file coords-v6.tsv (TSV, C-alpha atoms and all ligand atoms)
chain	number	residue	atom	x	y	z
A	1	MET	CA	55.27	-136.73	-79.68
A	2	ASN	CA	53.19	-133.63	-79.19
A	3	VAL	CA	49.47	-134.13	-79.49
A	4	GLU	CA	46.93	-131.39	-79.06
A	5	ARG	CA	43.27	-132.35	-78.88
A	6	PHE	CA	40.37	-130.12	-79.71
A	7	ALA	CA	36.87	-131.34	-79.03
A	8	ALA	CA	33.89	-129.73	-80.64
A	9	SER	CA	31.32	-128.22	-78.36
A	10	ARG	CA	28.55	-130.58	-77.28
A	11	TRP	CA	26.07	-127.79	-77.83
A	12	THR	CA	26.44	-127.87	-81.59
A	13	ARG	CA	24.69	-130.02	-84.15
A	14	GLY	CA	25.70	-133.68	-84.13
A	15	ASN	CA	28.06	-133.31	-81.20
A	16	LEU	CA	25.86	-133.86	-78.15
A	17	LEU	CA	26.79	-137.46	-77.34
A	18	PHE	CA	30.00	-137.91	-79.23
A	19	PRO	CA	31.67	-134.65	-80.07
A	20	THR	CA	34.05	-134.61	-82.99
A	21	VAL	CA	37.67	-134.49	-81.89
A	22	ILE	CA	40.45	-132.98	-83.94
A	23	GLU	CA	43.97	-134.00	-82.97
A	24	VAL	CA	47.06	-132.28	-84.26
A	25	THR	CA	50.25	-134.28	-83.81
A	26	ASP	CA	53.78	-133.64	-85.04
A	27	ALA	CA	53.00	-135.54	-88.19
A	28	ALA	CA	49.32	-135.43	-88.97
A	29	VAL	CA	45.95	-133.97	-88.28
A	30	VAL	CA	43.35	-136.55	-87.24
A	31	ARG	CA	39.60	-136.26	-87.00
A	32	ARG	CA	37.83	-138.70	-84.73
A	33	LYS	CA	34.10	-139.06	-84.75
A	34	ARG	CA	32.06	-141.84	-83.33
A	35	SER	CA	28.46	-142.77	-83.04
A	36	TRP	CA	26.68	-145.59	-81.28
A	37	PHE	CA	27.75	-148.11	-83.86
A	38	THR	CA	30.67	-146.74	-85.76
A	39	LYS	CA	34.02	-145.20	-85.12
A	40	ASN	CA	35.22	-142.96	-87.84
A	41	GLU	CA	38.76	-141.77	-88.04
A	42	MET	CA	40.47	-139.91	-90.82
A	43	SER	CA	43.81	-138.25	-90.98
A	44	ILE	CA	45.87	-136.08	-93.28
A	45	HIS	CA	49.62	-135.95	-93.05
A	46	LEU	CA	50.67	-132.41	-92.20
A	47	GLN	CA	52.85	-132.21	-95.29
A	48	ARG	CA	49.81	-133.06	-97.37
A	49	VAL	CA	47.57	-130.34	-96.02
A	50	ALA	CA	46.80	-127.94	-98.83
A	51	SER	CA	44.94	-125.35	-96.80
A	52	VAL	CA	43.17	-124.73	-93.54
A	53	HIS	CA	39.99	-122.70	-93.54
A	54	VAL	CA	38.44	-121.38	-90.38
A	55	GLU	CA	34.98	-119.98	-90.67
A	56	THR	CA	33.90	-118.20	-87.57
A	57	GLY	CA	30.24	-117.75	-86.84
A	58	PHE	CA	28.59	-115.94	-83.99
A	59	PHE	CA	29.34	-118.58	-81.38
A	60	TRP	CA	31.43	-121.29	-82.98
A	61	SER	CA	34.00	-121.88	-85.62
A	62	ASP	CA	34.02	-124.41	-88.42
A	63	VAL	CA	37.30	-125.89	-89.56
A	64	LEU	CA	37.95	-127.26	-93.03
A	65	ILE	CA	41.29	-128.89	-93.77
A	66	GLU	CA	41.91	-129.67	-97.40
A	67	SER	CA	44.54	-132.11	-98.55
A	68	THR	CA	46.63	-132.30	-101.65
A	69	GLY	CA	46.37	-135.48	-103.62
A	70	GLY	CA	42.66	-136.01	-103.74
A	71	SER	CA	41.78	-137.48	-100.37
A	72	ASP	CA	38.70	-136.16	-98.65
A	73	PRO	CA	39.00	-132.94	-96.68
A	74	ILE	CA	38.59	-132.98	-92.93
A	75	ALA	CA	35.68	-130.88	-91.82
A	76	SER	CA	34.59	-130.24	-88.29
A	77	HIS	CA	32.17	-127.75	-86.91
A	78	GLY	CA	31.30	-126.37	-83.53
A	79	HIS	CA	34.75	-125.57	-82.23
A	80	ARG	CA	35.60	-122.74	-79.93
A	81	LYS	CA	37.08	-119.85	-81.87
A	82	ARG	CA	40.31	-120.08	-79.91
A	83	ASP	CA	40.63	-123.80	-80.68
A	84	ALA	CA	39.95	-123.33	-84.37
A	85	GLN	CA	42.61	-120.68	-84.60
A	86	ARG	CA	45.04	-122.90	-82.70
A	87	ILE	CA	44.44	-125.79	-85.11
A	88	LYS	CA	45.20	-123.52	-88.03
A	89	ASP	CA	48.30	-122.09	-86.36
A	90	LEU	CA	49.67	-125.51	-85.44
A	91	ILE	CA	49.29	-126.87	-88.95
A	92	GLU	CA	50.71	-123.79	-90.61
A	93	ALA	CA	53.65	-123.67	-88.22
A	94	ALA	CA	54.47	-127.31	-89.00
A	95	GLN	CA	54.31	-126.62	-92.71
A	96	THR	CA	56.53	-123.57	-92.48
A	97	GLN	CA	59.11	-125.53	-90.51
A	98	HIS	CA	59.07	-128.25	-93.11
A	99	LEU	CA	59.53	-125.77	-95.95
A	100	GLN	CA	62.47	-124.15	-94.24
A	101	ALA	CA	64.06	-127.48	-93.42
A	102	GLY	CA	63.57	-128.74	-96.93
A	103	ALA	CA	64.60	-125.60	-98.77
A	104	ASP	CA	67.95	-126.93	-99.91
A	105	ASP	CA	66.82	-130.48	-100.15
A	106	GLY	CA	67.52	-132.95	-102.89
A	107	PRO	CA	68.99	-132.74	-106.36
A	108	THR	CA	68.10	-129.89	-108.66
A	109	LYS	CA	68.37	-129.04	-112.32
A	110	VAL	CA	68.47	-125.73	-114.12
A	111	CYS	CA	65.45	-124.64	-116.09
A	112	PRO	CA	66.46	-124.18	-119.74
A	113	PHE	CA	64.02	-121.31	-120.15
A	114	CYS	CA	64.66	-119.06	-117.19
A	115	ALA	CA	67.87	-120.55	-115.75
A	116	GLU	CA	66.49	-120.86	-112.22
A	117	SER	CA	67.17	-124.09	-110.38
A	118	VAL	CA	64.21	-126.35	-109.79
A	119	LYS	CA	63.86	-129.82	-108.27
A	120	LEU	CA	65.17	-132.63	-110.41
A	121	ALA	CA	61.81	-134.38	-110.40
A	122	ALA	CA	59.89	-131.24	-111.39
A	123	LYS	CA	57.82	-131.44	-114.53
A	124	VAL	CA	56.91	-127.76	-114.58
A	125	CYS	CA	59.22	-124.91	-113.69
A	126	ARG	CA	58.04	-123.15	-110.55
A	127	PHE	CA	59.49	-119.87	-111.72
A	128	CYS	CA	58.39	-119.49	-115.31
A	129	GLY	CA	55.69	-122.18	-115.38
A	130	ARG	CA	56.95	-123.85	-118.53
A	131	GLU	CA	57.03	-127.57	-119.00
A	132	LEU	CA	60.45	-129.00	-118.45
A	133	PRO	CA	61.99	-131.59	-120.73
A	134	LEU	CA	62.22	-135.02	-119.13
A	135	GLN	CA	65.61	-136.00	-117.86
A	136	ALA	CA	67.10	-138.56	-120.19
A	137	GLY	CA	69.15	-140.67	-117.84
A	138	ARG	CA	72.03	-139.19	-115.92
A	139	GLU	CA	74.08	-137.22	-118.33
A	140	GLY	CA	76.94	-134.89	-117.48
B	201	ZN	ZN	61.81	-121.67	-115.74
call {"tool": "encode", "arguments": {"input": "coords-v6.tsv", "output": "structure tokens", "more": "lines below"}}
Ligand SMILES: [Zn+2]
result
Amino acid sequence: MNVERFAASRWTRGNLLFPTVIEVTDAAVVRRKRSWFTKNEMSIHLQRVASVHVETGFFWSDVLIESTGGSDPIASHGHRKRDAQRIKDLIEAAQTQHLQAGADDGPTKVCPFCAESVKLAAKVCRFCGRELPLQAGREG
């Protein structure tokens, strides 16, 4: 499995002794942060990343990774600009791959309003935005 690690700079706030580490693997993005007494680790599955924000200041970049589904976002500050951009690129590349691989995936149904095909489990049409009637069993 590919793992890329990005440690925050020790010269930034809160990172002198135990810099925050962001790891991007094939499957997830993980943030590791420890202190004298605690070890804090949180991760978001790559498929559940809603967006990656990189905010670049004069010296360092802050990274904010938001997830779908209500779990807390991963935030880390004090990264080198190059690293922050790489984190964003890695996550977005993984998501694009997944979208392409899953494009023709799973059963579909036809929207009764606009006649486009949408996923069988969809509750709202992604083309016209209308609410779809629930499937009543497996008919015809
Ligand atoms: Zn529709």
call {"tool": "residues_near_ligand", "arguments": {"input": "coords-v6.tsv", "ligand": "ligand ZN 201 (chain B)", "cutoff": "8 Å", "atoms": "only C-alpha atoms and all ligand atoms", "output": "ChimeraX atom specification"}}
result
/A:110-118,124-130,132
call {"tool": "residues_around", "arguments": {"input": "coords-v6.tsv", "residues": "region 27-35 of chain A", "least_positions_apart": "2", "cutoff": "12 Å", "atoms": "all atoms listed in the file", "output": "PyMOL selection string"}}
result
chain A and resi 1-8+14-25+37-49+52+63-67+72-77+87-88+90-95+97-98
call {"tool": "atom_distance", "arguments": {"input": "coords-v6.tsv", "atom1": "CA of Pro133 (chain A)", "atom2": "CA of Gly69 (chain A)"}}
result
23.5 Å
call {"tool": "atom_distance", "arguments": {"input": "coords-v6.tsv", "atom1": "CA of Thr108 (chain A)", "atom2": "CA of Lys123 (chain A)"}}
result
11.9 Å
call {"tool": "atom_distance", "arguments": {"input": "coords-v6.tsv", "atom1": "CA of Asp26 (chain A)", "atom2": "CA of Asp89 (chain A)"}}
result
12.9 Å
call {"tool": "axis_aligned_box", "arguments": {"input": "coords-v6.tsv", "around": "region 66-72 of chain A", "padding_each_side": "3 Å", "output": "JSON"}}
result
{"center_x": 42.7, "center_y": -133.6, "center_z": -100.6, "size_x": 13.9, "size_y": 13.8, "size_z": 12.3}
call {"tool": "closest_residue", "arguments": {"input": "coords-v6.tsv", "among": "A:Thr56, A:Ser61, A:Thr68, A:Ser51", "to": "Thr12 (chain A)", "atoms": "only C-alpha atoms"}}
result
A:Ser61
call {"tool": "decode", "arguments": {"input": "coords-v6.tsv", "residues": "region 53-84 of chain A", "atoms": "N, CA and C atoms", "output": "PDB file, in the first residue's frame"}}
result
ATOM      1  N   HIS A  53      -9.408  21.805   1.256  1.00  0.00           N
ATOM      2  CA  HIS A  53      -9.050  23.216   1.129  1.00  0.00           C
ATOM      3  C   HIS A  53      -7.588  23.400   1.505  1.00  0.00           C
ATOM      4  N   VAL A  54      -6.889  24.150   0.718  1.00  0.00           N
ATOM      5  CA  VAL A  54      -5.530  24.524   1.082  1.00  0.00           C
ATOM      6  C   VAL A  54      -5.497  26.038   1.167  1.00  0.00           C
ATOM      7  N   GLU A  55      -5.100  26.530   2.326  1.00  0.00           N
ATOM      8  CA  GLU A  55      -4.997  27.967   2.472  1.00  0.00           C
ATOM      9  C   GLU A  55      -3.535  28.296   2.670  1.00  0.00           C
ATOM     10  N   THR A  56      -2.990  29.014   1.741  1.00  0.00           N
ATOM     11  CA  THR A  56      -1.566  29.268   1.771  1.00  0.00           C
ATOM     12  C   THR A  56      -1.281  30.662   2.303  1.00  0.00           C
ATOM     13  N   GLY A  57      -0.515  30.698   3.351  1.00  0.00           N
ATOM     14  CA  GLY A  57      -0.108  31.970   3.926  1.00  0.00           C
ATOM     15  C   GLY A  57       1.255  32.371   3.383  1.00  0.00           C
ATOM     16  N   PHE A  58       1.912  33.254   4.106  1.00  0.00           N
ATOM     17  CA  PHE A  58       3.184  33.759   3.605  1.00  0.00           C
ATOM     18  C   PHE A  58       4.256  32.679   3.644  1.00  0.00           C
ATOM     19  N   PHE A  59       4.290  31.919   4.738  1.00  0.00           N
ATOM     20  CA  PHE A  59       5.301  30.870   4.855  1.00  0.00           C
ATOM     21  C   PHE A  59       4.730  29.464   4.714  1.00  0.00           C
ATOM     22  N   TRP A  60       3.557  29.261   5.313  1.00  0.00           N
ATOM     23  CA  TRP A  60       3.041  27.903   5.463  1.00  0.00           C
ATOM     24  C   TRP A  60       1.636  27.779   4.918  1.00  0.00           C
ATOM     25  N   SER A  61       1.257  26.539   4.716  1.00  0.00           N
ATOM     26  CA  SER A  61      -0.094  26.269   4.245  1.00  0.00           C
ATOM     27  C   SER A  61      -0.894  25.532   5.309  1.00  0.00           C
ATOM     28  N   ASP A  62      -2.175  25.866   5.375  1.00  0.00           N
ATOM     29  CA  ASP A  62      -3.103  25.126   6.213  1.00  0.00           C
ATOM     30  C   ASP A  62      -3.930  24.217   5.320  1.00  0.00           C
ATOM     31  N   VAL A  63      -4.229  23.036   5.849  1.00  0.00           N
ATOM     32  CA  VAL A  63      -5.006  22.074   5.082  1.00  0.00           C
ATOM     33  C   VAL A  63      -6.278  21.767   5.857  1.00  0.00           C
ATOM     34  N   LEU A  64      -7.392  21.789   5.183  1.00  0.00           N
ATOM     35  CA  LEU A  64      -8.663  21.421   5.804  1.00  0.00           C
ATOM     36  C   LEU A  64      -9.352  20.399   4.912  1.00  0.00           C
ATOM     37  N   ILE A  65      -9.594  19.217   5.482  1.00  0.00           N
ATOM     38  CA  ILE A  65     -10.206  18.134   4.719  1.00  0.00           C
ATOM     39  C   ILE A  65     -11.576  17.864   5.316  1.00  0.00           C
ATOM     40  N   GLU A  66     -12.603  18.135   4.545  1.00  0.00           N
ATOM     41  CA  GLU A  66     -13.957  17.945   5.045  1.00  0.00           C
ATOM     42  C   GLU A  66     -14.506  16.620   4.555  1.00  0.00           C
ATOM     43  N   SER A  67     -15.305  15.988   5.424  1.00  0.00           N
ATOM     44  CA  SER A  67     -15.848  14.694   5.061  1.00  0.00           C
ATOM     45  C   SER A  67     -17.343  14.804   4.832  1.00  0.00           C
ATOM     46  N   THR A  68     -17.847  13.889   4.032  1.00  0.00           N
ATOM     47  CA  THR A  68     -19.284  13.759   3.924  1.00  0.00           C
ATOM     48  C   THR A  68     -19.755  12.943   5.109  1.00  0.00           C
ATOM     49  N   GLY A  69     -20.976  13.083   5.484  1.00  0.00           N
ATOM     50  CA  GLY A  69     -21.511  12.193   6.503  1.00  0.00           C
ATOM     51  C   GLY A  69     -21.248  12.619   7.924  1.00  0.00           C
ATOM     52  N   GLY A  70     -20.891  13.876   8.118  1.00  0.00           N
ATOM     53  CA  GLY A  70     -20.983  14.445   9.453  1.00  0.00           C
ATOM     54  C   GLY A  70     -19.824  14.229  10.393  1.00  0.00           C
ATOM     55  N   SER A  71     -18.792  13.452   9.998  1.00  0.00           N
ATOM     56  CA  SER A  71     -17.685  13.340  10.937  1.00  0.00           C
ATOM     57  C   SER A  71     -16.844  14.612  10.883  1.00  0.00           C
ATOM     58  N   ASP A  72     -16.038  14.789  11.905  1.00  0.00           N
ATOM     59  CA  ASP A  72     -15.276  16.025  12.013  1.00  0.00           C
ATOM     60  C   ASP A  72     -14.286  16.172  10.868  1.00  0.00           C
ATOM     61  N   PRO A  73     -14.077  17.391  10.413  1.00  0.00           N
ATOM     62  CA  PRO A  73     -13.058  17.587   9.383  1.00  0.00           C
ATOM     63  C   PRO A  73     -11.655  17.419   9.971  1.00  0.00           C
ATOM     64  N   ILE A  74     -10.724  17.118   9.097  1.00  0.00           N
ATOM     65  CA  ILE A  74      -9.326  17.046   9.497  1.00  0.00           C
ATOM     66  C   ILE A  74      -8.684  18.382   9.158  1.00  0.00           C
ATOM     67  N   ALA A  75      -8.127  19.002  10.157  1.00  0.00           N
ATOM     68  CA  ALA A  75      -7.457  20.275   9.927  1.00  0.00           C
ATOM     69  C   ALA A  75      -6.011  20.158  10.388  1.00  0.00           C
ATOM     70  N   SER A  76      -5.119  20.723   9.619  1.00  0.00           N
ATOM     71  CA  SER A  76      -3.731  20.718  10.027  1.00  0.00           C
ATOM     72  C   SER A  76      -3.090  21.982   9.498  1.00  0.00           C
ATOM     73  N   HIS A  77      -2.270  22.586  10.311  1.00  0.00           N
ATOM     74  CA  HIS A  77      -1.650  23.813   9.826  1.00  0.00           C
ATOM     75  C   HIS A  77      -0.133  23.714   9.899  1.00  0.00           C
ATOM     76  N   GLY A  78       0.515  24.592   9.194  1.00  0.00           N
ATOM     77  CA  GLY A  78       1.965  24.644   9.250  1.00  0.00           C
ATOM     78  C   GLY A  78       2.658  23.686   8.307  1.00  0.00           C
ATOM     79  N   HIS A  79       2.009  23.364   7.196  1.00  0.00           N
ATOM     80  CA  HIS A  79       2.660  22.498   6.215  1.00  0.00           C
ATOM     81  C   HIS A  79       3.393  23.326   5.161  1.00  0.00           C
ATOM     82  N   ARG A  80       4.417  22.715   4.607  1.00  0.00           N
ATOM     83  CA  ARG A  80       5.058  23.343   3.468  1.00  0.00           C
ATOM     84  C   ARG A  80       4.060  23.435   2.321  1.00  0.00           C
ATOM     85  N   LYS A  81       4.160  24.480   1.552  1.00  0.00           N
ATOM     86  CA  LYS A  81       3.199  24.697   0.465  1.00  0.00           C
ATOM     87  C   LYS A  81       3.182  23.509  -0.489  1.00  0.00           C
ATOM     88  N   ARG A  82       4.366  22.986  -0.776  1.00  0.00           N
ATOM     89  CA  ARG A  82       4.471  21.864  -1.703  1.00  0.00           C
ATOM     90  C   ARG A  82       3.735  20.640  -1.141  1.00  0.00           C
ATOM     91  N   ASP A  83       3.904  20.408   0.162  1.00  0.00           N
ATOM     92  CA  ASP A  83       3.252  19.266   0.800  1.00  0.00           C
ATOM     93  C   ASP A  83       1.731  19.419   0.775  1.00  0.00           C
ATOM     94  N   ALA A  84       1.281  20.619   1.101  1.00  0.00           N
ATOM     95  CA  ALA A  84      -0.167  20.851   1.132  1.00  0.00           C
ATOM     96  C   ALA A  84      -0.773  20.588  -0.242  1.00  0.00           C
TER      97      ALA A  84
END
